[in-house]
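Working notes, structure below.
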Amino acid sequence: MKIGVLALQGDFSEHIVMLRRIGIESSEVRLPAHLEGLNGLIMPGGESTTIGKLAVAFGLIEPLREFGKSRAIWGTCAGAIFLSKDAKRDQPLLSLMDITVERNAFGAQVDSFEADLEIDALKEATGSNNPYHAVFIRAPIIESVRGAARVLSALPDGRIVAAQENKLLATSFHPELTNDSRFHEYFLAMCR
Ligand code: GLN
């Protein structure tokens with residue numbers, strides 16, 4: 001099992017550290033050739049416009065779309081925006097996952113927050129019933145899910161913060177910034 005981490009911009013190294021901690025080999029993806037031999041790909045948080053523009057510059061858009069047809073991709077925060085079909089703005093997107101996202105939906109950087117989430121899919125997959133402590137940094141919300149996409153988690157007010165469509169996973173928050181590896185383990189099960 002080898003997982004790639006898109007390393008154009010953002011907090012890719014934190015994902016690599018988390019994967020190493022749970023004994024999973026990973027490698028940084030910056031060019032199309034780096035996708036070879038991977039079982040799945042994580043796209044980190046950061047700035048989605050920057051990630052998109054760099055993906056265009058490095059010729060990664062079509063190779064990533066091709067990758068996502070057969071293998072698992074997880075986008076966290078900016079990565080989730082990049083994975084979506086609609087971010088309601090003019091910016092490069094992979095347009096793989098049938099979700100609409102709203103960028104910076106909770107306000108500015110100073111409005112970043114943490115929240116405990118009840119995520120049934122995570123409980124079932126990991127056998128642990130503890131709430132999931134999620135870190136939101138100038139996060140998007142998943143405004144709507146369509147087609148085969150389904151909601152994995154929402155805030156108490158109903159705003160969607162995690163969704164899955166077959167082998168595609170999107171989270172508004174940053175599981176790589178806590179010590180809880182359950183979301184990474186959930187994604188690894190999707191890659192197998
Ligand atoms: N605000 C960023 C964007 O819209 C996402 C922030 C993050 O990834 N933590 O692209």
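Ordered as shown in the structure tokens, chains take letters A, B, and onward, while each chain numbers its residues from 1 and ligands are numbered from 1 in the order shown.
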
Give as a PyMOL selection string the residues surrounding ligand 1 up to a distance of 8 Å, considering only C-alpha atoms and all ligand atoms.
chain A and resi 10+44-50+76-79+81+103-104+109+136-140+172-174

Which residues, written as a PDB file with N, CA and C atoms, in the first residue's frame, have at least one atom at most 10 Å from His34 of chain A, with only C-alpha atoms counted and residues fewer than 5 positions away on the same chain left out?
```pdb
ATOM      1  N   GLY A   4      -0.101   8.569  -2.231  1.00  0.00           N
ATOM      2  CA  GLY A   4       0.511   9.815  -2.667  1.00  0.00           C
ATOM      3  C   GLY A   4      -0.120  10.994  -1.942  1.00  0.00           C
ATOM      4  N   VAL A   5       0.676  12.041  -1.746  1.00  0.00           N
ATOM      5  CA  VAL A   5       0.147  13.275  -1.169  1.00  0.00           C
ATOM      6  C   VAL A   5       0.499  14.408  -2.130  1.00  0.00           C
ATOM      7  N   LEU A   6      -0.529  15.071  -2.649  1.00  0.00           N
ATOM      8  CA  LEU A   6      -0.303  16.168  -3.586  1.00  0.00           C
ATOM      9  C   LEU A   6       0.492  17.257  -2.873  1.00  0.00           C
ATOM     10  N   SER A  27       4.313   9.111  -0.697  1.00  0.00           N
ATOM     11  CA  SER A  27       5.267   9.878  -1.489  1.00  0.00           C
ATOM     12  C   SER A  27       4.615  11.171  -1.969  1.00  0.00           C
ATOM     13  N   GLU A  28       5.453  12.174  -2.210  1.00  0.00           N
ATOM     14  CA  GLU A  28       4.955  13.481  -2.642  1.00  0.00           C
ATOM     15  C   GLU A  28       4.684  13.470  -4.138  1.00  0.00           C
ATOM     16  N   VAL A  29       3.542  14.059  -4.517  1.00  0.00           N
ATOM     17  CA  VAL A  29       3.159  14.105  -5.929  1.00  0.00           C
ATOM     18  C   VAL A  29       3.242  15.541  -6.416  1.00  0.00           C
TER      19      VAL A  29
END
```

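Coordinates place atom CA of Val110 of chain A at a distance of 25.4 Å from atom CA of Asp86 of chain A.
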
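Distance check against Leu122 of chain A using only C-alpha atoms: of A:Val135, A:Ala87, A:Leu96, A:Ala189, the minimum falls on A:Ala189.
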
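Candidate residues A:Met1, A:Val151, A:Ala108, A:Leu177 were compared for distance to Ile24 of chain A, and the nearest is A:Met1, using only C-alpha atoms.
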
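Atom to atom, atom CA of Ser70 of chain A and atom CA of Leu41 of chain A stand 11.4 Å apart.
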
Please provide as a ChimeraX atom specification all residues within 9 Å of Leu35 of chain A, with the sequence filter that same-chain residues fewer than 3 positions apart are discarded (counting only C-alpha atoms).
/A:4,29-32,38,40-41,63-64,67

Here atom CA of Ser26 of chain A and atom CA of Asn39 of chain A stand apart by 9.9 Å

Give me, as a PyMOL selection string, the residues of segment 69-190 of chain A that a backbone DSSP run labels helix (DSSP H, G or I).
chain A and resi 69-70+78-83+109-111+120-126+175-177+182-190

Could you write those residues out with N, CA and C atoms, as a PDB file, in the first residue's frame?
```
ATOM      1  N   LYS A  69     -10.653   8.201 -11.620  1.00  0.00           N
ATOM      2  CA  LYS A  69     -11.664   7.307 -12.192  1.00  0.00           C
ATOM      3  C   LYS A  69     -11.570   5.904 -11.601  1.00  0.00           C
ATOM      4  N   SER A  70     -10.358   5.506 -11.199  1.00  0.00           N
ATOM      5  CA  SER A  70     -10.210   4.131 -10.712  1.00  0.00           C
ATOM      6  C   SER A  70      -9.658   4.050  -9.285  1.00  0.00           C
ATOM      7  N   ALA A  78      -8.924  22.848   1.294  1.00  0.00           N
ATOM      8  CA  ALA A  78      -8.680  23.324  -0.074  1.00  0.00           C
ATOM      9  C   ALA A  78      -8.680  22.150  -1.057  1.00  0.00           C
ATOM     10  N   GLY A  79      -8.187  20.992  -0.614  1.00  0.00           N
ATOM     11  CA  GLY A  79      -8.182  19.797  -1.458  1.00  0.00           C
ATOM     12  C   GLY A  79      -9.597  19.351  -1.821  1.00  0.00           C
ATOM     13  N   ALA A  80     -10.537  19.537  -0.876  1.00  0.00           N
ATOM     14  CA  ALA A  80     -11.940  19.188  -1.145  1.00  0.00           C
ATOM     15  C   ALA A  80     -12.540  20.136  -2.176  1.00  0.00           C
ATOM     16  N   ILE A  81     -12.145  21.404  -2.092  1.00  0.00           N
ATOM     17  CA  ILE A  81     -12.615  22.393  -3.075  1.00  0.00           C
ATOM     18  C   ILE A  81     -12.119  21.996  -4.463  1.00  0.00           C
ATOM     19  N   PHE A  82     -10.831  21.660  -4.546  1.00  0.00           N
ATOM     20  CA  PHE A  82     -10.204  21.282  -5.817  1.00  0.00           C
ATOM     21  C   PHE A  82     -10.845  20.011  -6.403  1.00  0.00           C
ATOM     22  N   LEU A  83     -11.304  19.122  -5.533  1.00  0.00           N
ATOM     23  CA  LEU A  83     -11.927  17.865  -5.963  1.00  0.00           C
ATOM     24  C   LEU A  83     -13.339  18.068  -6.509  1.00  0.00           C
ATOM     25  N   GLN A 109      -9.911  34.096   8.424  1.00  0.00           N
ATOM     26  CA  GLN A 109      -8.975  33.227   9.153  1.00  0.00           C
ATOM     27  C   GLN A 109      -9.225  33.264  10.670  1.00  0.00           C
ATOM     28  N   VAL A 110      -9.539  34.453  11.204  1.00  0.00           N
ATOM     29  CA  VAL A 110      -9.753  34.578  12.658  1.00  0.00           C
ATOM     30  C   VAL A 110     -11.017  33.867  13.119  1.00  0.00           C
ATOM     31  N   ASP A 111     -11.892  33.507  12.202  1.00  0.00           N
ATOM     32  CA  ASP A 111     -13.112  32.784  12.570  1.00  0.00           C
ATOM     33  C   ASP A 111     -12.907  31.267  12.520  1.00  0.00           C
ATOM     34  N   ASP A 120     -21.034   8.685  12.063  1.00  0.00           N
ATOM     35  CA  ASP A 120     -21.422   7.271  12.145  1.00  0.00           C
ATOM     36  C   ASP A 120     -20.518   6.370  11.300  1.00  0.00           C
ATOM     37  N   ALA A 121     -20.200   6.822  10.065  1.00  0.00           N
ATOM     38  CA  ALA A 121     -19.386   5.988   9.170  1.00  0.00           C
ATOM     39  C   ALA A 121     -18.033   5.679   9.807  1.00  0.00           C
ATOM     40  N   LEU A 122     -17.492   6.670  10.506  1.00  0.00           N
ATOM     41  CA  LEU A 122     -16.191   6.510  11.166  1.00  0.00           C
ATOM     42  C   LEU A 122     -16.304   5.539  12.338  1.00  0.00           C
ATOM     43  N   LYS A 123     -17.404   5.654  13.056  1.00  0.00           N
ATOM     44  CA  LYS A 123     -17.623   4.746  14.201  1.00  0.00           C
ATOM     45  C   LYS A 123     -17.731   3.307  13.717  1.00  0.00           C
ATOM     46  N   GLU A 124     -18.525   3.112  12.656  1.00  0.00           N
ATOM     47  CA  GLU A 124     -18.691   1.758  12.111  1.00  0.00           C
ATOM     48  C   GLU A 124     -17.371   1.197  11.617  1.00  0.00           C
ATOM     49  N   ALA A 125     -16.585   2.046  10.918  1.00  0.00           N
ATOM     50  CA  ALA A 125     -15.351   1.561  10.294  1.00  0.00           C
ATOM     51  C   ALA A 125     -14.256   1.286  11.314  1.00  0.00           C
ATOM     52  N   THR A 126     -14.216   2.071  12.384  1.00  0.00           N
ATOM     53  CA  THR A 126     -13.086   1.948  13.307  1.00  0.00           C
ATOM     54  C   THR A 126     -13.473   1.300  14.628  1.00  0.00           C
ATOM     55  N   PRO A 175      -7.968  16.612   9.265  1.00  0.00           N
ATOM     56  CA  PRO A 175      -7.646  15.475  10.142  1.00  0.00           C
ATOM     57  C   PRO A 175      -6.143  15.268  10.354  1.00  0.00           C
ATOM     58  N   GLU A 176      -5.317  15.880   9.538  1.00  0.00           N
ATOM     59  CA  GLU A 176      -3.863  15.721   9.693  1.00  0.00           C
ATOM     60  C   GLU A 176      -3.317  16.609  10.800  1.00  0.00           C
ATOM     61  N   LEU A 177      -4.144  17.496  11.366  1.00  0.00           N
ATOM     62  CA  LEU A 177      -3.659  18.422  12.395  1.00  0.00           C
ATOM     63  C   LEU A 177      -4.008  17.980  13.805  1.00  0.00           C
ATOM     64  N   ARG A 182      -8.174   8.252  12.854  1.00  0.00           N
ATOM     65  CA  ARG A 182      -9.310   7.466  12.362  1.00  0.00           C
ATOM     66  C   ARG A 182      -9.731   7.838  10.947  1.00  0.00           C
ATOM     67  N   PHE A 183      -9.654   9.133  10.580  1.00  0.00           N
ATOM     68  CA  PHE A 183     -10.067   9.497   9.219  1.00  0.00           C
ATOM     69  C   PHE A 183      -9.068   8.972   8.194  1.00  0.00           C
ATOM     70  N   HIS A 184      -7.789   8.987   8.541  1.00  0.00           N
ATOM     71  CA  HIS A 184      -6.790   8.421   7.627  1.00  0.00           C
ATOM     72  C   HIS A 184      -7.027   6.919   7.462  1.00  0.00           C
ATOM     73  N   GLU A 185      -7.362   6.253   8.575  1.00  0.00           N
ATOM     74  CA  GLU A 185      -7.633   4.813   8.489  1.00  0.00           C
ATOM     75  C   GLU A 185      -8.880   4.541   7.639  1.00  0.00           C
ATOM     76  N   TYR A 186      -9.876   5.387   7.786  1.00  0.00           N
ATOM     77  CA  TYR A 186     -11.091   5.267   6.969  1.00  0.00           C
ATOM     78  C   TYR A 186     -10.749   5.370   5.482  1.00  0.00           C
ATOM     79  N   PHE A 187      -9.896   6.365   5.159  1.00  0.00           N
ATOM     80  CA  PHE A 187      -9.512   6.541   3.746  1.00  0.00           C
ATOM     81  C   PHE A 187      -8.703   5.345   3.256  1.00  0.00           C
ATOM     82  N   LEU A 188      -7.812   4.825   4.105  1.00  0.00           N
ATOM     83  CA  LEU A 188      -7.001   3.676   3.681  1.00  0.00           C
ATOM     84  C   LEU A 188      -7.883   2.479   3.340  1.00  0.00           C
ATOM     85  N   ALA A 189      -8.967   2.306   4.098  1.00  0.00           N
ATOM     86  CA  ALA A 189      -9.901   1.215   3.776  1.00  0.00           C
ATOM     87  C   ALA A 189     -10.524   1.439   2.403  1.00  0.00           C
ATOM     88  N   MET A 190     -10.754   2.710   2.034  1.00  0.00           N
ATOM     89  CA  MET A 190     -11.292   3.007   0.702  1.00  0.00           C
ATOM     90  C   MET A 190     -10.287   2.700  -0.398  1.00  0.00           C
TER      91      MET A 190
END
```

Polymer residues at most 10 Å from Ala154 of chain A, only C-alpha atoms, same-chain spacing of 3 or more positions, as a PyMOL selection string:
chain A and resi 117-119+141-142+151+157-163

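The residue that comes closest to Met97 of chain A, out of A:Ser84, A:Gln164, A:Ser13, A:Asn130 and on the basis of only C-alpha atoms, is A:Ser84.
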
Please give the complete set of residues from chain A that DSSP, run on the backbone, assigns to strand (DSSP E or B), formatted as a PyMOL selection string.
chain A and resi 2-6+25-29+40-43+72-76+84-86+97-102+113-117+132-136+141-145+150-154+160-165+168-171
